[in-house]
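Have a look at data.cif below; it lists mmCIF, C-alpha atoms.
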```
data_protein
#
loop_
_atom_site.label_atom_id
_atom_site.label_comp_id
_atom_site.auth_asym_id
_atom_site.auth_seq_id
_atom_site.Cartn_x
_atom_site.Cartn_y
_atom_site.Cartn_z
CA MET A 3 -31.56 -27.17 -57.82
CA LEU A 4 -34.22 -29.47 -56.41
CA TYR A 5 -33.56 -28.50 -52.83
CA PRO A 6 -32.36 -24.91 -52.78
CA ASN A 7 -32.67 -24.74 -49.00
CA LYS A 8 -30.48 -27.75 -48.52
CA ILE A 9 -27.94 -26.42 -51.00
CA GLN A 10 -27.82 -23.12 -49.21
CA LYS A 11 -27.30 -24.96 -45.95
CA SER A 12 -24.29 -26.79 -47.34
CA GLN A 13 -22.88 -23.49 -48.45
CA THR A 14 -23.40 -22.07 -44.98
CA LYS A 15 -21.52 -25.06 -43.67
CA SER A 16 -18.70 -24.51 -46.10
CA ILE A 17 -18.22 -20.95 -44.88
CA ASN A 18 -17.43 -22.31 -41.44
CA TYR A 19 -20.72 -21.72 -39.62
CA SER A 20 -20.21 -17.96 -39.59
CA ASN A 21 -23.99 -17.58 -39.59
CA ARG A 22 -24.45 -20.51 -37.27
CA GLY A 23 -26.87 -18.77 -34.90
CA MET A 24 -29.52 -18.30 -37.52
CA PHE A 25 -28.58 -21.60 -39.07
CA LEU A 26 -29.26 -23.53 -35.86
CA GLU A 27 -32.52 -21.64 -35.47
CA SER A 28 -33.60 -22.50 -38.99
CA LEU A 29 -32.73 -26.17 -38.45
CA ILE A 30 -34.93 -26.20 -35.35
CA ASN A 31 -37.77 -24.26 -36.95
CA GLU A 32 -37.81 -26.61 -39.93
CA SER A 33 -37.76 -29.60 -37.62
CA ASN A 34 -40.63 -28.18 -35.56
CA GLN A 35 -42.62 -27.72 -38.73
CA TYR A 36 -41.91 -31.32 -39.66
CA TYR A 37 -43.04 -32.46 -36.21
CA GLN A 38 -46.25 -30.47 -36.56
CA GLU A 39 -47.00 -31.80 -40.03
CA LYS A 40 -46.41 -35.37 -38.90
CA ASP A 41 -48.40 -34.70 -35.71
CA ILE A 42 -45.44 -35.73 -33.57
CA ALA A 43 -45.27 -32.63 -31.38
CA LEU A 44 -46.53 -29.06 -31.14
CA ILE A 45 -43.44 -26.98 -30.48
CA PHE A 46 -43.01 -23.36 -31.55
CA LYS A 47 -40.46 -20.61 -31.29
CA LYS A 48 -42.01 -17.91 -29.15
CA PRO A 49 -42.38 -14.59 -30.95
CA THR A 50 -39.79 -12.07 -29.78
CA PRO A 51 -41.48 -9.76 -27.29
CA ILE A 52 -41.83 -6.28 -28.78
CA GLY A 53 -42.33 -2.95 -27.11
CA ILE A 54 -44.39 -0.52 -29.14
CA SER A 55 -43.81 3.21 -28.68
CA GLU A 56 -45.77 4.34 -31.72
CA ALA A 57 -48.53 2.74 -33.76
CA ILE A 58 -50.95 4.12 -36.31
CA TYR A 59 -54.19 2.85 -37.77
CA THR A 60 -54.28 2.30 -41.52
CA ASP A 61 -56.64 0.48 -43.87
CA ARG A 62 -54.38 -2.54 -43.41
CA GLY A 63 -55.02 -2.41 -39.66
CA ARG A 64 -52.74 -1.27 -36.86
CA VAL A 65 -49.18 -0.65 -38.01
CA ILE A 66 -46.13 -0.24 -35.78
CA LYS A 67 -44.12 2.90 -36.54
CA ASN A 68 -41.73 2.64 -33.64
CA GLY A 69 -41.01 -0.62 -31.89
CA TYR A 70 -38.11 -2.18 -30.03
CA PHE A 71 -37.09 -5.68 -29.03
CA LYS A 72 -37.37 -6.67 -25.39
CA ALA A 73 -34.95 -9.06 -23.68
CA PRO A 74 -36.54 -12.51 -23.34
CA SER A 75 -37.12 -13.69 -19.78
CA THR A 76 -38.13 -17.22 -20.71
CA LEU A 77 -36.62 -19.69 -23.17
CA ASP A 78 -37.04 -19.55 -26.93
CA TYR A 79 -39.11 -22.62 -27.67
CA ASN A 80 -41.95 -24.36 -25.89
CA GLY A 81 -44.74 -26.79 -26.55
CA ILE A 82 -46.09 -30.23 -25.93
CA TYR A 83 -44.57 -33.61 -26.74
CA LYS A 84 -46.04 -36.96 -25.73
CA GLY A 85 -48.27 -35.18 -23.24
CA LYS A 86 -45.31 -33.45 -21.59
CA TYR A 87 -44.48 -29.77 -21.33
CA ILE A 88 -41.22 -29.06 -23.10
CA GLU A 89 -39.17 -25.88 -23.17
CA PHE A 90 -35.69 -25.19 -24.47
CA GLU A 91 -33.21 -22.63 -25.70
CA ALA A 92 -30.84 -22.93 -28.66
CA LYS A 93 -27.45 -21.24 -28.70
CA GLU A 94 -24.33 -21.36 -30.78
CA THR A 95 -20.82 -20.28 -30.05
CA LYS A 96 -17.81 -19.74 -32.25
CA SER A 97 -15.53 -20.73 -29.42
CA THR A 98 -14.14 -24.23 -29.92
CA THR A 99 -13.08 -24.85 -26.34
CA SER A 100 -15.89 -23.66 -24.08
CA PHE A 101 -19.43 -22.31 -24.15
CA PRO A 102 -19.71 -18.84 -22.52
CA LEU A 103 -22.54 -18.71 -19.99
CA ALA A 104 -23.00 -15.05 -20.89
CA ASN A 105 -25.03 -16.46 -23.78
CA PHE A 106 -27.87 -16.83 -21.29
CA HIS A 107 -29.57 -13.97 -19.49
CA GLU A 108 -29.53 -14.50 -15.76
CA HIS A 109 -33.34 -14.50 -15.54
CA GLN A 110 -33.44 -17.15 -18.26
CA LEU A 111 -31.35 -19.46 -16.08
CA LYS A 112 -33.60 -18.81 -13.08
CA TYR A 113 -36.60 -19.50 -15.25
CA LEU A 114 -35.11 -22.72 -16.63
CA LYS A 115 -34.71 -23.98 -13.07
CA ARG A 116 -38.33 -23.17 -12.31
CA VAL A 117 -39.58 -25.07 -15.36
CA LEU A 118 -37.68 -28.11 -14.07
CA GLN A 119 -39.19 -27.66 -10.60
CA HIS A 120 -42.65 -27.61 -12.16
CA GLY A 121 -42.00 -30.92 -13.86
CA GLY A 122 -41.28 -29.73 -17.39
CA ILE A 123 -38.72 -31.17 -19.76
CA CYS A 124 -36.16 -28.42 -20.11
CA PHE A 125 -32.83 -28.37 -21.91
CA VAL A 126 -30.50 -26.33 -24.08
CA ILE A 127 -29.31 -27.12 -27.58
CA ILE A 128 -25.76 -25.92 -28.04
CA SER A 129 -23.97 -25.76 -31.36
CA MET A 130 -20.23 -25.73 -30.94
CA ASN A 131 -17.21 -27.00 -32.78
CA ASN A 132 -19.31 -28.29 -35.69
CA CYS A 133 -21.36 -30.45 -33.36
CA ILE A 134 -24.83 -29.98 -31.88
CA TYR A 135 -25.44 -31.08 -28.30
CA LEU A 136 -28.53 -31.42 -26.14
CA LEU A 137 -27.65 -30.62 -22.54
CA LYS A 138 -30.28 -31.38 -19.92
CA GLY A 139 -31.36 -28.37 -17.89
CA GLU A 140 -30.45 -30.30 -14.74
CA ASP A 141 -26.85 -30.69 -15.94
CA LEU A 142 -26.62 -27.03 -16.91
CA VAL A 143 -27.88 -25.98 -13.46
CA PHE A 144 -25.53 -28.44 -11.77
CA PHE A 145 -22.56 -27.01 -13.63
CA ILE A 146 -23.45 -23.41 -12.82
CA GLU A 147 -24.07 -24.13 -9.14
CA ASN A 148 -20.87 -26.10 -8.70
CA ASN A 149 -18.45 -24.00 -10.67
CA SER A 150 -17.16 -20.49 -10.58
CA ARG A 151 -16.29 -20.72 -14.28
CA LYS A 152 -18.06 -18.40 -16.65
CA SER A 153 -18.12 -20.93 -19.45
CA ILE A 154 -18.84 -24.61 -19.91
CA PRO A 155 -15.79 -26.49 -21.18
CA LEU A 156 -16.30 -28.62 -24.28
CA ASP A 157 -15.35 -31.68 -22.22
CA TYR A 158 -18.38 -31.18 -19.96
CA LEU A 159 -20.62 -31.00 -23.03
CA LYS A 160 -19.00 -34.15 -24.39
CA GLU A 161 -19.45 -35.94 -21.08
CA LYS A 162 -22.98 -34.82 -20.13
CA GLY A 163 -24.47 -33.72 -23.44
CA PHE A 164 -26.08 -35.84 -26.13
CA VAL A 165 -25.10 -35.35 -29.75
CA ILE A 166 -27.96 -34.47 -32.12
CA LEU A 167 -27.13 -35.51 -35.65
CA GLU A 168 -28.17 -33.45 -38.65
CA LYS A 169 -30.04 -35.36 -41.28
CA TYR A 170 -32.32 -34.78 -44.22
CA ASN A 171 -35.81 -34.54 -42.75
CA PRO A 172 -36.30 -33.31 -40.11
CA PRO A 173 -32.96 -31.52 -40.44
CA LEU A 174 -32.34 -31.72 -36.68
CA ASP A 175 -34.20 -34.61 -35.09
CA TYR A 176 -33.75 -33.46 -31.51
CA LEU A 177 -36.90 -35.26 -30.34
CA LYS A 178 -35.16 -38.56 -31.10
CA VAL A 179 -32.59 -37.55 -28.48
CA VAL A 180 -35.37 -36.35 -26.16
CA ASP A 181 -36.88 -39.84 -26.46
CA GLN A 182 -33.62 -41.47 -25.46
CA VAL A 183 -32.89 -39.08 -22.63
CA TYR A 184 -36.34 -38.51 -21.11
CA PHE A 185 -38.61 -41.32 -22.16
CA GLU A 186 -36.63 -44.51 -22.81
CA ARG A 187 -34.50 -44.22 -19.69
CA ASN A 188 -37.46 -44.16 -17.33
CA MET B 5 -55.56 5.64 -3.61
CA LEU B 6 -53.75 2.64 -2.21
CA TYR B 7 -54.68 0.33 -5.04
CA PRO B 8 -55.06 2.45 -8.15
CA ASN B 9 -55.24 -0.65 -10.36
CA LYS B 10 -58.10 -2.08 -8.39
CA ILE B 11 -59.92 1.22 -8.36
CA GLN B 12 -59.54 1.54 -12.09
CA LYS B 13 -60.97 -1.96 -12.44
CA SER B 14 -64.08 -1.03 -10.45
CA GLN B 15 -64.50 1.96 -12.70
CA THR B 16 -64.22 -0.26 -15.76
CA LYS B 17 -66.89 -2.44 -14.22
CA SER B 18 -69.16 0.51 -13.59
CA ILE B 19 -69.05 1.51 -17.25
CA ASN B 20 -70.67 -1.78 -18.12
CA TYR B 21 -67.64 -3.75 -19.29
CA SER B 22 -67.32 -1.66 -22.44
CA ASN B 23 -63.62 -2.37 -22.39
CA ARG B 24 -64.16 -5.94 -21.28
CA GLY B 25 -61.75 -7.53 -23.78
CA MET B 26 -58.73 -5.77 -22.34
CA PHE B 27 -60.19 -6.04 -18.89
CA LEU B 28 -60.40 -9.84 -19.07
CA GLU B 29 -56.86 -9.92 -20.43
CA SER B 30 -55.58 -7.78 -17.58
CA LEU B 31 -57.35 -9.99 -15.00
CA ILE B 32 -55.63 -13.02 -16.48
CA ASN B 33 -52.24 -11.36 -16.79
CA GLU B 34 -52.37 -10.21 -13.17
CA SER B 35 -53.42 -13.68 -12.08
CA ASN B 36 -50.60 -15.26 -14.05
CA GLN B 37 -48.16 -12.92 -12.37
CA TYR B 38 -49.57 -13.92 -9.00
CA TYR B 39 -49.21 -17.61 -9.90
CA GLN B 40 -45.59 -17.00 -10.93
CA GLU B 41 -44.75 -15.08 -7.78
CA LYS B 42 -46.29 -17.77 -5.57
CA ASP B 43 -44.62 -20.46 -7.70
CA ILE B 44 -47.98 -22.05 -8.46
CA ALA B 45 -47.69 -22.14 -12.24
CA LEU B 46 -45.66 -20.72 -15.11
CA ILE B 47 -48.21 -19.41 -17.57
CA PHE B 48 -47.65 -16.50 -19.95
CA LYS B 49 -49.48 -14.65 -22.64
CA LYS B 50 -47.62 -15.30 -25.86
CA PRO B 51 -46.27 -12.16 -27.48
CA THR B 52 -48.32 -11.16 -30.52
CA PRO B 53 -46.46 -12.33 -33.61
CA ILE B 54 -45.13 -9.33 -35.54
CA GLY B 55 -44.08 -9.05 -39.13
CA ILE B 56 -41.28 -6.56 -39.71
CA SER B 57 -41.05 -4.78 -43.05
CA GLU B 58 -38.52 -2.15 -42.00
CA ALA B 59 -35.98 -2.00 -39.19
CA ILE B 60 -33.03 0.25 -38.55
CA TYR B 61 -30.01 0.00 -36.28
CA THR B 62 -29.59 2.71 -33.67
CA ASP B 63 -27.44 3.09 -30.56
CA ARG B 64 -30.38 1.60 -28.64
CA GLY B 65 -30.20 -1.50 -30.84
CA ARG B 66 -32.46 -2.65 -33.63
CA VAL B 67 -35.61 -0.55 -33.92
CA ILE B 68 -38.73 -1.43 -35.90
CA LYS B 69 -39.86 1.35 -38.25
CA ASN B 70 -42.58 -0.58 -39.99
CA GLY B 71 -44.24 -3.60 -38.47
CA TYR B 72 -47.61 -5.26 -38.61
CA PHE B 73 -49.53 -7.72 -36.46
CA LYS B 74 -49.95 -11.26 -37.71
CA ALA B 75 -53.03 -13.37 -37.05
CA PRO B 76 -52.35 -15.86 -34.26
CA SER B 77 -52.51 -19.54 -35.26
CA THR B 78 -52.26 -20.88 -31.73
CA LEU B 79 -53.99 -19.86 -28.50
CA ASP B 80 -53.08 -16.82 -26.43
CA TYR B 81 -51.72 -18.34 -23.24
CA ASN B 82 -49.60 -21.38 -22.51
CA GLY B 83 -47.43 -22.79 -19.81
CA ILE B 84 -47.00 -25.47 -17.19
CA TYR B 85 -49.17 -26.25 -14.17
CA LYS B 86 -48.68 -29.22 -11.86
CA GLY B 87 -46.43 -30.82 -14.44
CA LYS B 88 -49.06 -30.54 -17.16
CA TYR B 89 -49.02 -28.58 -20.39
CA ILE B 90 -51.77 -25.99 -20.35
CA GLU B 91 -53.00 -23.74 -23.17
CA PHE B 92 -56.01 -21.50 -23.42
CA GLU B 93 -57.66 -18.56 -25.10
CA ALA B 94 -59.64 -15.75 -23.47
CA LYS B 95 -62.51 -14.02 -25.25
CA GLU B 96 -65.28 -11.65 -24.34
CA THR B 97 -68.51 -10.84 -26.07
CA LYS B 98 -71.01 -8.07 -25.62
CA SER B 99 -73.80 -10.35 -26.73
CA THR B 100 -75.90 -11.49 -23.78
CA THR B 101 -77.52 -14.49 -25.45
CA SER B 102 -74.81 -16.35 -27.36
CA PHE B 103 -71.07 -16.40 -27.96
CA PRO B 104 -70.18 -15.94 -31.67
CA LEU B 105 -67.74 -18.59 -32.86
CA ALA B 106 -66.30 -16.01 -35.28
CA ASN B 107 -64.32 -14.90 -32.22
CA PHE B 108 -61.97 -17.78 -32.98
CA HIS B 109 -59.88 -18.10 -36.12
CA GLU B 110 -60.52 -21.42 -37.83
CA HIS B 111 -56.88 -22.49 -37.48
CA GLN B 112 -57.07 -21.72 -33.76
CA LEU B 113 -59.90 -24.24 -33.39
CA LYS B 114 -57.96 -26.85 -35.36
CA TYR B 115 -54.95 -26.17 -33.18
CA LEU B 116 -56.97 -26.42 -29.96
CA LYS B 117 -58.10 -29.88 -31.04
CA ARG B 118 -54.53 -30.92 -31.68
CA VAL B 119 -53.39 -29.76 -28.24
CA LEU B 120 -56.10 -31.98 -26.73
CA GLN B 121 -54.98 -34.91 -28.90
CA HIS B 122 -51.43 -34.43 -27.62
CA GLY B 123 -52.63 -34.66 -24.04
CA GLY B 124 -52.58 -31.01 -23.06
CA ILE B 125 -55.10 -29.24 -20.87
CA CYS B 126 -56.86 -26.88 -23.23
CA PHE B 127 -59.85 -24.60 -22.66
CA VAL B 128 -61.33 -21.20 -23.36
CA ILE B 129 -62.23 -18.51 -20.87
CA ILE B 130 -65.33 -16.65 -22.03
CA SER B 131 -66.59 -13.45 -20.49
CA MET B 132 -70.25 -12.89 -21.22
CA ASN B 133 -73.23 -11.37 -19.51
CA ASN B 134 -71.11 -10.18 -16.55
CA CYS B 135 -69.96 -13.71 -15.86
CA ILE B 136 -66.69 -15.49 -16.65
CA TYR B 137 -66.82 -19.14 -17.72
CA LEU B 138 -64.19 -21.78 -18.29
CA LEU B 139 -65.30 -24.07 -21.11
CA LYS B 140 -63.27 -27.24 -21.66
CA GLY B 141 -61.76 -27.52 -25.14
CA GLU B 142 -63.51 -30.89 -25.47
CA ASP B 143 -66.91 -29.29 -24.91
CA LEU B 144 -66.15 -26.49 -27.36
CA VAL B 145 -65.10 -29.02 -30.03
CA PHE B 146 -68.18 -31.16 -29.29
CA PHE B 147 -70.46 -28.19 -29.75
CA ILE B 148 -68.87 -27.15 -33.04
CA GLU B 149 -68.89 -30.66 -34.46
CA ASN B 150 -72.50 -31.33 -33.51
CA ASN B 151 -74.09 -28.01 -34.41
CA SER B 152 -74.52 -25.92 -37.48
CA ARG B 153 -74.97 -22.83 -35.29
CA LYS B 154 -72.38 -20.08 -35.60
CA SER B 155 -72.57 -19.17 -31.93
CA ILE B 156 -72.69 -20.93 -28.59
CA PRO B 157 -75.93 -20.19 -26.71
CA LEU B 158 -75.54 -18.93 -23.16
CA ASP B 159 -77.44 -22.02 -21.97
CA TYR B 160 -74.69 -24.28 -23.28
CA LEU B 161 -72.10 -22.23 -21.40
CA LYS B 162 -74.22 -22.43 -18.26
CA GLU B 163 -74.63 -26.18 -18.64
CA LYS B 164 -71.09 -27.19 -19.67
CA GLY B 165 -68.98 -24.27 -18.47
CA PHE B 166 -67.59 -23.59 -15.02
CA VAL B 167 -67.95 -20.16 -13.49
CA ILE B 168 -64.70 -18.43 -12.49
CA LEU B 169 -65.29 -15.93 -9.72
CA GLU B 170 -63.45 -12.63 -9.56
CA LYS B 171 -61.74 -11.97 -6.28
CA TYR B 172 -59.05 -9.80 -4.81
CA ASN B 173 -55.82 -11.68 -5.38
CA PRO B 174 -55.40 -13.29 -7.81
CA PRO B 175 -58.15 -11.29 -9.50
CA LEU B 176 -59.27 -14.28 -11.57
CA ASP B 177 -58.34 -17.57 -9.90
CA TYR B 178 -58.96 -19.75 -12.93
CA LEU B 179 -56.50 -22.40 -11.72
CA LYS B 180 -58.86 -23.16 -8.85
CA VAL B 181 -61.42 -24.12 -11.47
CA VAL B 182 -58.75 -26.03 -13.43
CA ASP B 183 -58.08 -28.00 -10.25
CA GLN B 184 -61.73 -28.92 -9.88
CA VAL B 185 -62.23 -29.76 -13.54
CA TYR B 186 -58.97 -31.49 -14.45
CA PHE B 187 -57.32 -32.69 -11.28
CA GLU B 188 -59.88 -33.40 -8.57
CA ARG B 189 -62.26 -35.28 -10.85
CA ASN B 190 -59.71 -37.88 -11.87
#
```
This structure in structure tokens:
Amino acid sequence: MLYPNKIQKSQTKSINYSNRGMFLESLINESNQYYQEKDIALIFKKPTPIGISEAIYTDRGRVIKNGYFKAPSTLDYNGIYKGKYIEFEAKETKSTTSFPLANFHEHQLKYLKRVLQHGGICFVIISMNNCIYLLKGEDLVFFIENNSRKSIPLDYLKEKGFVILEKYNPPLDYLKVVDQVYFERN
Amino acid sequence: MLYPNKIQKSQTKSINYSNRGMFLESLINESNQYYQEKDIALIFKKPTPIGISEAIYTDRGRVIKNGYFKAPSTLDYNGIYKGKYIEFEAKETKSTTSFPLANFHEHQLKYLKRVLQHGGICFVIISMNNCIYLLKGEDLVFFIENNSRKSIPLDYLKEKGFVILEKYNPPLDYLKVVDQVYFERN
């Protein structure tokens, strides 16, 4: 019972990634924390935007009594790595053959394109078929603009994406792949 | 009544900036929206992090019935400008002689320093004495590390800071000052 988190993760795995969405998010959050502690990068999940329809003042401060979640118009994570602006979204699908583009809001895709135009590093992390891929924003945009399909076939991910391996610490070392894709190739 | 927002702003001004904190925030938010629309920069105020102690499911989706505001550990605004990572905080004070450093959380100052170390553009916008200054993160850190004072005297702001003028659109063109300070000098 030395590493209860890790043990729980294995259990999640053994029940066939049914909670994969949160699982991927927790892998990324833990990795971001590792990157911060080791002073490798400053990358955070953005807080979910909240609308507040009722709030009261208490001795603990302002308390929300009625709030709702707003749809995000940007991507989930952003920050700085090696002096570069970085922004990405993480998604999982239970489908084993293709990744449904409906997973993204339309304004998120427009926004992703704008981040690229402004010179940011922008990608998506997709968990599918027991494998985690990094797909460059450019390749996502290319697919969408050159296809009428509403989902990305696994083959496209295998061809254009980069596999991110799970390991002990950080649990998902996606910046290693970012290094290979964005820094070592130039 | 063509520009009710603008008129309201003038009224806020005429009541001696009593609501200056929100006023500065609204100037910056409007300017950020202008920058987005003109495709000049992608800079957003981060949503306030919320802790949720009670939520229920309704036909409108998940609704928060008990939530509280968490203290921010990073700065208020971040984004990308001319390919660079940018992050800043905006603060106002009613004091006319010095800016109290208690306006920043200690972890915010540590974080600011780390953003600089990672190569980001990082500064604070301070509204004081009916004037709005941009103070480079480096100059803020220098002051704190070389002074035992708990507030920044107005003279230091006048010497090291850069005045941001209010205008019509965008209402607070702080990126013009960013250009002068960070881009044109190099």
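Counting all atoms listed in the file, the residue from B:Tyr72, B:Tyr160, B:Tyr137, B:Phe27 that sits nearest to B:Val181 is B:Tyr137.
Candidate residues B:Gly87, B:Pro76, B:Gly65, B:Gly55 were compared for distance to chain A, and the nearest is B:Gly87, using only C-alpha atoms.
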I'd like the contact shell of stretch 102-118 of chain A - 8 Å cut-off, only C-alpha atoms, skipping same-chain residues fewer than 2 positions apart - returned as a ChimeraX atom specification. /A:74-77,89,93,95,100,120-124,139-140,143,152-154 /B:46,84
Residues selected by the PyMOL selection byres ((chain A and resi 173) around 12), written as a ChimeraX atom specification: /A:7-8,11,25-37,134,166-172,174-178
What lies within 8 Å of stretch 133-135 of chain B using all atoms listed in the file, ignoring chain neighbours under 4 positions off, as an mmCIF file with C-alpha atoms, in the frame of the given file?
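around_3.cif written:
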```cif
data_model
loop_
_atom_site.group_PDB
_atom_site.id
_atom_site.type_symbol
_atom_site.label_atom_id
_atom_site.label_comp_id
_atom_site.auth_asym_id
_atom_site.auth_seq_id
_atom_site.Cartn_x
_atom_site.Cartn_y
_atom_site.Cartn_z
ATOM 1 C CA TYR B 21 -67.640 -3.750 -19.290
ATOM 2 C CA LYS B 98 -71.010 -8.070 -25.620
ATOM 3 C CA SER B 99 -73.800 -10.350 -26.730
ATOM 4 C CA THR B 100 -75.900 -11.490 -23.780
ATOM 5 C CA THR B 101 -77.520 -14.490 -25.450
ATOM 6 C CA VAL B 167 -67.950 -20.160 -13.490
ATOM 7 C CA ILE B 168 -64.700 -18.430 -12.490
#
```
Can you give me, as a ChimeraX atom specification, the residues this file yields under the PyMOL selection byres ((chain B) within 9 of (chain A))? /B:43-46,50-54,56,59,64-73,82-90,118-119,121-124
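We find atom CA of A:Lys47 and atom CA of B:Ile47 to be spaced 15.8 Å apart.
Relative to atom CA of B:Asp80, atom CA of A:Thr60 is found at 24.4 Å.
When atom CA of B:Phe166 is paired with atom CA of B:Met26, their separation reads 21.2 Å.
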Stretch 167-178 of chain A, all listed atoms, 4 Å padding on each side: what axis-aligned box centre and edge lengths in Å to one decimal come out, as AutoDock Vina command-line options?
```
--center_x -32.0 --center_y -35.0 --center_z -37.3 --size_x 17.8 --size_y 15.0 --size_z 21.9
```
